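A.B. asks: My structure file target02.cif, mmCIF, N, CA and C atoms, is below:
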data_final
#
loop_
_atom_site.label_atom_id
_atom_site.label_comp_id
_atom_site.auth_asym_id
_atom_site.auth_seq_id
_atom_site.Cartn_x
_atom_site.Cartn_y
_atom_site.Cartn_z
N MET A 1 21.18 19.34 42.46
CA MET A 1 20.87 18.93 43.82
C MET A 1 20.08 20.04 44.51
N MET A 2 18.99 19.67 45.12
CA MET A 2 18.14 20.63 45.80
C MET A 2 18.74 20.95 47.17
N ASP A 3 18.83 22.24 47.49
CA ASP A 3 19.33 22.67 48.79
C ASP A 3 18.13 23.03 49.66
N PHE A 4 18.04 22.41 50.83
CA PHE A 4 16.91 22.67 51.70
C PHE A 4 17.32 22.60 53.16
N LYS A 5 16.52 23.23 54.00
CA LYS A 5 16.78 23.25 55.43
C LYS A 5 15.54 22.76 56.17
N LEU A 6 15.73 21.72 56.98
CA LEU A 6 14.64 21.15 57.78
C LEU A 6 14.90 21.42 59.25
N LYS A 7 13.84 21.65 59.99
CA LYS A 7 13.98 21.73 61.44
C LYS A 7 13.23 20.55 62.05
N LYS A 8 13.77 20.06 63.13
CA LYS A 8 13.18 18.90 63.80
C LYS A 8 12.44 19.37 65.04
N ILE A 9 11.18 18.96 65.15
CA ILE A 9 10.38 19.28 66.33
C ILE A 9 9.79 17.98 66.87
N SER A 10 9.38 18.01 68.11
CA SER A 10 8.75 16.84 68.72
C SER A 10 7.29 17.16 69.00
N TRP A 11 6.44 16.25 68.59
CA TRP A 11 5.00 16.37 68.84
C TRP A 11 4.63 15.52 70.03
N LEU A 12 3.70 16.01 70.81
CA LEU A 12 3.04 15.17 71.81
C LEU A 12 1.90 14.46 71.10
N ARG A 13 1.16 13.63 71.84
CA ARG A 13 0.03 12.92 71.24
C ARG A 13 -0.99 13.93 70.74
N ARG A 14 -1.53 13.67 69.55
CA ARG A 14 -2.53 14.54 68.94
C ARG A 14 -3.67 13.72 68.35
N ARG A 15 -4.86 14.30 68.36
CA ARG A 15 -6.03 13.65 67.75
C ARG A 15 -6.55 14.55 66.64
N PHE A 16 -6.83 13.94 65.50
CA PHE A 16 -7.35 14.65 64.34
C PHE A 16 -8.65 13.99 63.88
N ILE A 17 -9.51 14.79 63.28
CA ILE A 17 -10.67 14.29 62.55
C ILE A 17 -10.31 14.44 61.09
N ARG A 18 -10.55 13.37 60.33
CA ARG A 18 -10.13 13.32 58.93
C ARG A 18 -11.34 13.37 58.01
N SER A 19 -11.22 14.12 56.95
CA SER A 19 -12.29 14.21 55.94
C SER A 19 -12.28 12.96 55.06
N ALA A 20 -13.27 12.88 54.20
CA ALA A 20 -13.27 11.85 53.17
C ALA A 20 -12.10 12.14 52.22
N SER A 21 -11.76 11.18 51.41
CA SER A 21 -10.67 11.36 50.45
C SER A 21 -10.97 12.51 49.51
N LEU A 22 -9.93 13.28 49.23
CA LEU A 22 -10.05 14.39 48.28
C LEU A 22 -9.79 13.87 46.88
N HIS A 23 -10.76 13.99 46.00
CA HIS A 23 -10.57 13.53 44.63
C HIS A 23 -9.72 14.52 43.84
N ASN A 24 -9.77 15.77 44.26
CA ASN A 24 -8.96 16.82 43.65
C ASN A 24 -8.41 17.67 44.80
N LEU A 25 -7.10 17.77 44.92
CA LEU A 25 -6.51 18.51 46.04
C LEU A 25 -6.91 19.97 46.05
N ASN A 26 -7.27 20.51 44.92
CA ASN A 26 -7.70 21.91 44.87
C ASN A 26 -9.05 22.13 45.56
N ASP A 27 -9.76 21.05 45.88
CA ASP A 27 -11.06 21.15 46.57
C ASP A 27 -10.90 21.16 48.09
N TRP A 28 -9.68 21.21 48.59
CA TRP A 28 -9.47 21.11 50.04
C TRP A 28 -10.16 22.22 50.83
N PRO A 29 -10.26 23.49 50.36
CA PRO A 29 -10.92 24.51 51.19
C PRO A 29 -12.39 24.18 51.47
N ASP A 30 -13.10 23.64 50.48
CA ASP A 30 -14.50 23.26 50.70
C ASP A 30 -14.60 22.10 51.67
N ALA A 31 -13.72 21.11 51.53
CA ALA A 31 -13.71 19.97 52.45
C ALA A 31 -13.39 20.42 53.86
N TYR A 32 -12.48 21.37 54.00
CA TYR A 32 -12.11 21.92 55.30
C TYR A 32 -13.32 22.58 55.96
N GLU A 33 -14.00 23.46 55.23
CA GLU A 33 -15.15 24.17 55.80
C GLU A 33 -16.29 23.21 56.14
N ASP A 34 -16.55 22.21 55.29
CA ASP A 34 -17.61 21.23 55.57
C ASP A 34 -17.29 20.41 56.82
N LEU A 35 -16.04 19.96 56.95
CA LEU A 35 -15.64 19.17 58.11
C LEU A 35 -15.69 20.01 59.38
N LYS A 36 -15.24 21.23 59.30
CA LYS A 36 -15.26 22.13 60.45
C LYS A 36 -16.70 22.35 60.93
N GLU A 37 -17.59 22.61 60.01
CA GLU A 37 -19.01 22.82 60.35
C GLU A 37 -19.61 21.57 60.97
N GLN A 38 -19.28 20.41 60.43
CA GLN A 38 -19.80 19.15 60.97
C GLN A 38 -19.30 18.93 62.40
N ILE A 39 -18.05 19.21 62.65
CA ILE A 39 -17.49 19.05 63.99
C ILE A 39 -18.16 20.01 64.97
N LEU A 40 -18.33 21.26 64.55
CA LEU A 40 -18.91 22.27 65.44
C LEU A 40 -20.38 22.02 65.75
N THR A 41 -21.13 21.46 64.79
CA THR A 41 -22.57 21.30 64.99
C THR A 41 -22.99 19.90 65.43
N SER A 42 -22.18 18.88 65.16
CA SER A 42 -22.62 17.50 65.40
C SER A 42 -21.72 16.70 66.33
N SER A 43 -20.89 17.37 67.10
CA SER A 43 -20.00 16.64 67.99
C SER A 43 -19.69 17.47 69.22
N ALA A 44 -19.06 16.81 70.18
CA ALA A 44 -18.60 17.49 71.38
C ALA A 44 -17.10 17.80 71.30
N PHE A 45 -16.51 17.54 70.13
CA PHE A 45 -15.10 17.85 69.95
C PHE A 45 -14.87 19.35 70.03
N GLN A 46 -13.69 19.71 70.50
CA GLN A 46 -13.27 21.10 70.48
C GLN A 46 -12.10 21.21 69.52
N LEU A 47 -12.16 22.19 68.63
CA LEU A 47 -11.08 22.41 67.67
C LEU A 47 -9.86 22.99 68.39
N VAL A 48 -8.69 22.58 67.95
CA VAL A 48 -7.43 23.05 68.52
C VAL A 48 -6.71 23.87 67.45
N GLY A 49 -6.43 25.10 67.76
CA GLY A 49 -5.64 25.93 66.85
C GLY A 49 -6.40 26.35 65.61
N HIS A 50 -5.67 26.95 64.70
CA HIS A 50 -6.24 27.51 63.49
C HIS A 50 -5.55 27.01 62.22
N LYS A 51 -4.62 26.08 62.36
CA LYS A 51 -3.89 25.58 61.20
C LYS A 51 -4.78 24.67 60.36
N LYS A 52 -4.58 24.76 59.06
CA LYS A 52 -5.30 23.91 58.11
C LYS A 52 -4.29 22.88 57.60
N ILE A 53 -4.66 21.60 57.70
CA ILE A 53 -3.72 20.53 57.38
C ILE A 53 -4.30 19.62 56.31
N ILE A 54 -3.49 19.33 55.31
CA ILE A 54 -3.83 18.33 54.32
C ILE A 54 -2.84 17.18 54.49
N GLU A 55 -3.36 15.99 54.72
CA GLU A 55 -2.54 14.78 54.86
C GLU A 55 -2.52 14.09 53.50
N ILE A 56 -1.32 13.76 53.03
CA ILE A 56 -1.19 13.12 51.72
C ILE A 56 -0.30 11.89 51.83
N SER A 57 -0.73 10.82 51.19
CA SER A 57 0.09 9.63 51.09
C SER A 57 0.97 9.77 49.86
N SER A 58 2.27 9.66 50.04
CA SER A 58 3.19 9.82 48.90
C SER A 58 3.12 8.62 47.96
N THR A 59 2.61 7.49 48.42
CA THR A 59 2.53 6.31 47.56
C THR A 59 1.27 6.31 46.71
N THR A 60 0.15 6.79 47.27
CA THR A 60 -1.12 6.76 46.53
C THR A 60 -1.56 8.15 46.06
N SER A 61 -0.96 9.21 46.59
CA SER A 61 -1.34 10.60 46.31
C SER A 61 -2.75 10.95 46.76
N VAL A 62 -3.33 10.12 47.63
CA VAL A 62 -4.66 10.40 48.17
C VAL A 62 -4.50 11.39 49.32
N GLY A 63 -5.37 12.41 49.34
CA GLY A 63 -5.30 13.42 50.37
C GLY A 63 -6.54 13.46 51.22
N HIS A 64 -6.39 13.97 52.44
CA HIS A 64 -7.48 14.17 53.39
C HIS A 64 -7.23 15.48 54.12
N VAL A 65 -8.29 16.18 54.46
CA VAL A 65 -8.17 17.34 55.32
C VAL A 65 -8.18 16.84 56.75
N LEU A 66 -7.31 17.40 57.59
CA LEU A 66 -7.27 17.05 59.02
C LEU A 66 -7.57 18.28 59.85
N LEU A 67 -8.38 18.10 60.88
CA LEU A 67 -8.61 19.15 61.87
C LEU A 67 -8.24 18.59 63.22
N GLU A 68 -7.36 19.30 63.94
CA GLU A 68 -6.95 18.85 65.25
C GLU A 68 -8.05 19.15 66.26
N VAL A 69 -8.35 18.15 67.10
CA VAL A 69 -9.43 18.28 68.08
C VAL A 69 -9.00 17.68 69.41
N VAL A 70 -9.75 18.01 70.44
CA VAL A 70 -9.68 17.30 71.71
C VAL A 70 -11.09 16.79 71.99
N GLY A 71 -11.15 15.66 72.65
CA GLY A 71 -12.44 15.08 72.97
C GLY A 71 -12.43 13.58 72.76
N VAL A 72 -13.49 12.95 73.21
CA VAL A 72 -13.63 11.49 73.11
C VAL A 72 -14.13 11.13 71.72
N PRO A 73 -13.50 10.12 71.07
CA PRO A 73 -13.95 9.73 69.73
C PRO A 73 -15.44 9.39 69.72
N LYS A 74 -16.10 9.71 68.63
CA LYS A 74 -17.53 9.51 68.48
C LYS A 74 -17.78 8.82 67.15
N PRO A 75 -18.70 7.85 67.12
CA PRO A 75 -19.03 7.22 65.83
C PRO A 75 -19.48 8.26 64.82
N GLY A 76 -19.15 8.03 63.57
CA GLY A 76 -19.51 8.95 62.51
C GLY A 76 -18.39 9.90 62.13
N PHE A 77 -17.33 9.92 62.92
CA PHE A 77 -16.18 10.76 62.62
C PHE A 77 -14.95 9.87 62.47
N ASP A 78 -14.19 10.12 61.44
CA ASP A 78 -12.96 9.36 61.20
C ASP A 78 -11.84 10.02 62.00
N SER A 79 -11.63 9.53 63.22
CA SER A 79 -10.59 10.13 64.06
C SER A 79 -9.28 9.39 63.86
N LYS A 80 -8.20 10.12 63.98
CA LYS A 80 -6.86 9.56 63.80
C LYS A 80 -5.99 10.10 64.92
N ASP A 81 -5.44 9.22 65.71
CA ASP A 81 -4.55 9.61 66.79
C ASP A 81 -3.11 9.42 66.34
N LEU A 82 -2.30 10.45 66.57
CA LEU A 82 -0.87 10.36 66.29
C LEU A 82 -0.14 10.35 67.61
N GLU A 83 0.64 9.32 67.80
CA GLU A 83 1.41 9.18 69.04
C GLU A 83 2.58 10.16 69.04
N PRO A 84 3.19 10.38 70.21
CA PRO A 84 4.34 11.29 70.26
C PRO A 84 5.41 10.85 69.25
N GLN A 85 5.94 11.82 68.53
CA GLN A 85 6.93 11.49 67.51
C GLN A 85 7.69 12.74 67.10
N ASP A 86 8.80 12.51 66.40
CA ASP A 86 9.59 13.61 65.87
C ASP A 86 9.11 13.92 64.45
N VAL A 87 9.11 15.21 64.14
CA VAL A 87 8.63 15.68 62.85
C VAL A 87 9.69 16.59 62.24
N LEU A 88 9.95 16.39 60.95
CA LEU A 88 10.86 17.27 60.21
C LEU A 88 9.99 18.28 59.47
N VAL A 89 10.27 19.56 59.66
CA VAL A 89 9.46 20.63 59.08
C VAL A 89 10.27 21.40 58.05
N PHE A 90 9.69 21.55 56.86
CA PHE A 90 10.28 22.36 55.81
C PHE A 90 9.36 23.56 55.59
N ASP A 91 9.87 24.76 55.85
CA ASP A 91 9.10 25.97 55.63
C ASP A 91 9.16 26.30 54.14
N TYR A 92 8.02 26.15 53.48
CA TYR A 92 7.94 26.36 52.04
C TYR A 92 8.06 27.86 51.74
N PRO A 93 8.87 28.23 50.76
CA PRO A 93 9.11 29.65 50.53
C PRO A 93 7.92 30.41 49.95
N GLU A 94 6.98 29.73 49.32
CA GLU A 94 5.82 30.40 48.74
C GLU A 94 4.73 30.56 49.79
N THR A 95 3.79 31.46 49.56
CA THR A 95 2.67 31.62 50.47
C THR A 95 1.56 30.65 50.09
N GLY A 96 0.60 30.50 51.01
CA GLY A 96 -0.52 29.61 50.78
C GLY A 96 -1.36 29.98 49.57
N PHE A 97 -1.33 31.25 49.16
CA PHE A 97 -2.12 31.67 48.01
C PHE A 97 -1.49 31.24 46.69
N ASN A 98 -0.22 30.88 46.71
CA ASN A 98 0.49 30.54 45.48
C ASN A 98 0.72 29.03 45.35
N VAL A 99 -0.13 28.21 45.96
CA VAL A 99 0.11 26.77 45.96
C VAL A 99 -0.27 26.16 44.63
N ASP A 100 0.68 25.48 44.04
CA ASP A 100 0.47 24.67 42.85
C ASP A 100 0.83 23.25 43.29
N PHE A 101 -0.19 22.39 43.41
CA PHE A 101 0.05 21.07 43.98
C PHE A 101 0.96 20.19 43.13
N LEU A 102 1.01 20.41 41.82
CA LEU A 102 1.93 19.63 40.99
C LEU A 102 3.38 20.00 41.30
N THR A 103 3.65 21.30 41.41
CA THR A 103 5.00 21.76 41.76
C THR A 103 5.34 21.32 43.18
N LEU A 104 4.38 21.47 44.09
CA LEU A 104 4.60 21.08 45.48
C LEU A 104 4.93 19.59 45.58
N ASN A 105 4.26 18.77 44.78
CA ASN A 105 4.52 17.33 44.78
C ASN A 105 5.95 17.04 44.35
N GLN A 106 6.47 17.78 43.37
CA GLN A 106 7.86 17.59 42.94
C GLN A 106 8.83 17.98 44.06
N VAL A 107 8.52 19.07 44.78
CA VAL A 107 9.35 19.49 45.90
C VAL A 107 9.35 18.41 46.98
N VAL A 108 8.17 17.87 47.28
CA VAL A 108 8.06 16.82 48.31
C VAL A 108 8.89 15.60 47.92
N LYS A 109 8.80 15.18 46.67
CA LYS A 109 9.58 14.01 46.23
C LYS A 109 11.07 14.27 46.39
N GLY A 110 11.52 15.46 46.03
CA GLY A 110 12.93 15.80 46.19
C GLY A 110 13.36 15.81 47.65
N LEU A 111 12.50 16.37 48.50
CA LEU A 111 12.81 16.40 49.93
C LEU A 111 12.86 14.99 50.52
N MET A 112 11.89 14.16 50.15
CA MET A 112 11.84 12.80 50.69
C MET A 112 13.05 11.98 50.26
N ARG A 113 13.52 12.20 49.03
CA ARG A 113 14.72 11.48 48.57
C ARG A 113 15.96 11.94 49.35
N GLY A 114 15.97 13.21 49.76
CA GLY A 114 17.14 13.77 50.43
C GLY A 114 17.17 13.58 51.94
N ILE A 115 16.07 13.12 52.53
CA ILE A 115 16.04 12.93 53.98
C ILE A 115 16.70 11.59 54.31
N PRO A 116 17.76 11.62 55.10
CA PRO A 116 18.42 10.36 55.46
C PRO A 116 17.58 9.61 56.49
N GLY A 117 17.59 8.31 56.40
CA GLY A 117 16.86 7.49 57.36
C GLY A 117 15.41 7.31 56.96
N PRO A 118 14.73 6.42 57.67
CA PRO A 118 13.34 6.12 57.32
C PRO A 118 12.37 7.21 57.77
N ILE A 119 11.43 7.52 56.89
CA ILE A 119 10.35 8.44 57.23
C ILE A 119 9.04 7.81 56.77
N SER A 120 7.94 8.29 57.30
CA SER A 120 6.62 7.80 56.92
C SER A 120 6.31 8.18 55.48
N ASP A 121 5.50 7.36 54.81
CA ASP A 121 5.11 7.70 53.44
C ASP A 121 3.98 8.74 53.42
N THR A 122 3.50 9.11 54.61
CA THR A 122 2.46 10.13 54.74
C THR A 122 3.10 11.43 55.21
N TYR A 123 2.72 12.53 54.60
CA TYR A 123 3.22 13.83 55.02
C TYR A 123 2.07 14.81 55.12
N HIS A 124 2.30 15.95 55.74
CA HIS A 124 1.28 16.98 55.91
C HIS A 124 1.69 18.26 55.21
N ILE A 125 0.73 18.88 54.54
CA ILE A 125 0.87 20.24 54.06
C ILE A 125 0.12 21.09 55.08
N VAL A 126 0.81 22.02 55.71
CA VAL A 126 0.22 22.80 56.80
C VAL A 126 0.16 24.27 56.40
N PHE A 127 -1.07 24.78 56.42
CA PHE A 127 -1.31 26.20 56.15
C PHE A 127 -1.50 26.90 57.49
N ASP A 128 -0.67 27.87 57.77
CA ASP A 128 -0.76 28.65 59.01
C ASP A 128 -0.81 30.12 58.60
N GLY A 129 -2.02 30.64 58.44
CA GLY A 129 -2.16 31.99 57.90
C GLY A 129 -1.68 31.98 56.46
N LEU A 130 -0.74 32.85 56.14
CA LEU A 130 -0.17 32.89 54.79
C LEU A 130 1.02 31.95 54.63
N ASN A 131 1.50 31.39 55.74
CA ASN A 131 2.67 30.53 55.71
C ASN A 131 2.29 29.09 55.36
N LEU A 132 3.20 28.42 54.70
CA LEU A 132 3.01 27.04 54.28
C LEU A 132 4.23 26.24 54.69
N SER A 133 3.99 25.06 55.27
CA SER A 133 5.11 24.19 55.62
C SER A 133 4.75 22.75 55.31
N LEU A 134 5.77 21.94 55.17
CA LEU A 134 5.61 20.51 54.90
C LEU A 134 6.15 19.75 56.11
N HIS A 135 5.37 18.78 56.60
CA HIS A 135 5.77 18.00 57.77
C HIS A 135 5.99 16.55 57.36
N PHE A 136 7.17 16.04 57.71
CA PHE A 136 7.53 14.66 57.43
C PHE A 136 7.75 13.94 58.76
N PHE A 137 7.22 12.74 58.88
CA PHE A 137 7.24 12.03 60.17
C PHE A 137 8.31 10.97 60.22
N ILE A 138 9.11 11.02 61.28
CA ILE A 138 10.20 10.05 61.46
C ILE A 138 9.62 8.81 62.10
#
Once you've parsed the file, please lay out its structure as structure tokens.
C.D. replies:
Amino acid sequence: MMDFKLKKISWLRRRFIRSASLHNLNDWPDAYEDLKEQILTSSAFQLVGHKKIIEISSTTSVGHVLLEVVGVPKPGFDSKDLEPQDVLVFDYPETGFNVDFLTLNQVVKGLMRGIPGPISDTYHIVFDGLNLSLHFFI
């Protein structure tokens, strides 16, 4: 049995710009930089914070890079609004430099099986400097 500790936080409404689907999760840094450059040069959006987020569907394993922004949606950008909600956060013990997505996927599956009650099939891998956390949505 996996032993884990989750903290519950509440999010206010947030808007993200989403990249195209990642064919290989290891390509996320390039997708992040490309999306960031596109937002900075071709939109009036303002970036919020410095966290790097990968959104993954646990059913399809398809991933997208997300950048949090403020501003009015504009054609040509895949914007995604998340309404206020509660989020369960697992602080991953490894640093962002030691990410092995196959191992991380096994950890996510174990965590999702152990979370009581319904949660979204989509979760976030959040890189904050050297720290890594997993976000599950209630």
A.B. asks: Hey, what's within 7 Å of region 129-134 of chain A if we count all atoms listed in the file and toss same-chain stuff fewer than 5 positions away? As a PyMOL selection string, please?
C.D. replies: chain A and resi 50-52+88-97+123-124
A.B. asks: Please write as a list in words the full residue list that the PyMOL selection byres ((chain A and resi 80) around 6) yields on this file.
C.D. replies: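 Applying the expression gives Arg14, Arg15, Phe16, Ile17, Arg18, Asp78, Ser79, Asp81 and Leu82 of chain A.
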A.B. asks: Go through A:Phe101, A:Phe127, A:Phe136, A:Phe4 and flag the residue nearest Asn26 (chain A), using only C-alpha atoms for the distances.
C.D. replies: A:Phe101
A.B. asks: Which residues are close to region 30-34 of chain A, i.e. within 12 Å by only C-alpha atoms, leaving aside same-chain residues fewer than 4 positions away? Reply as an MDAnalysis selection string.
C.D. replies: chainID A and resid 17:26 38:42 50:55 63:68 127
A.B. asks: Given the file shown, enumerate the residues that the PyMOL selection byres ((chain A and resi 9) around 5) captures and present them as number ranges by chain.
C.D. replies: A: 7-8, 10-11, 86-87
A.B. asks: Taking N, CA and C atoms for each residue, export the selection above as a JSON list (two decimals), keeping the file's coordinate frame.
C.D. replies:
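Saved result, selection11.json, follows:
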[["chain", "number", "residue", "atom", "x", "y", "z"],
["A", 7, "LYS", "N", 13.84, 21.65, 59.99],
["A", 7, "LYS", "CA", 13.98, 21.73, 61.44],
["A", 7, "LYS", "C", 13.23, 20.55, 62.05],
["A", 8, "LYS", "N", 13.77, 20.06, 63.13],
["A", 8, "LYS", "CA", 13.18, 18.90, 63.80],
["A", 8, "LYS", "C", 12.44, 19.37, 65.04],
["A", 10, "SER", "N", 9.38, 18.01, 68.11],
["A", 10, "SER", "CA", 8.75, 16.84, 68.72],
["A", 10, "SER", "C", 7.29, 17.16, 69.00],
["A", 11, "TRP", "N", 6.44, 16.25, 68.59],
["A", 11, "TRP", "CA", 5.00, 16.37, 68.84],
["A", 11, "TRP", "C", 4.63, 15.52, 70.03],
["A", 86, "ASP", "N", 8.80, 12.51, 66.40],
["A", 86, "ASP", "CA", 9.59, 13.61, 65.87],
["A", 86, "ASP", "C", 9.11, 13.92, 64.45],
["A", 87, "VAL", "N", 9.11, 15.21, 64.14],
["A", 87, "VAL", "CA", 8.63, 15.68, 62.85],
["A", 87, "VAL", "C", 9.69, 16.59, 62.24]]
A.B. asks: Which of these, A:Ala44, A:Ile125, A:Leu102, A:Val62, has the shortest distance to Lys74 (chain A) once you count only C-alpha atoms?
C.D. replies: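 Among the listed residues, the smallest separation from Lys74 (chain A) belongs to A:Ala44.
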A.B. asks: Between atom C of Val108 (chain A) and atom N of Gly49 (chain A), what distance in Å does the model show, to one decimal?
C.D. replies: 26.8 Å
A.B. asks: Figure out the distance between CA of His135 (chain A) and CA of Gly110 (chain A), please, to one decimal in Å.
C.D. replies: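 These two atoms are separated by 13.8 Å.
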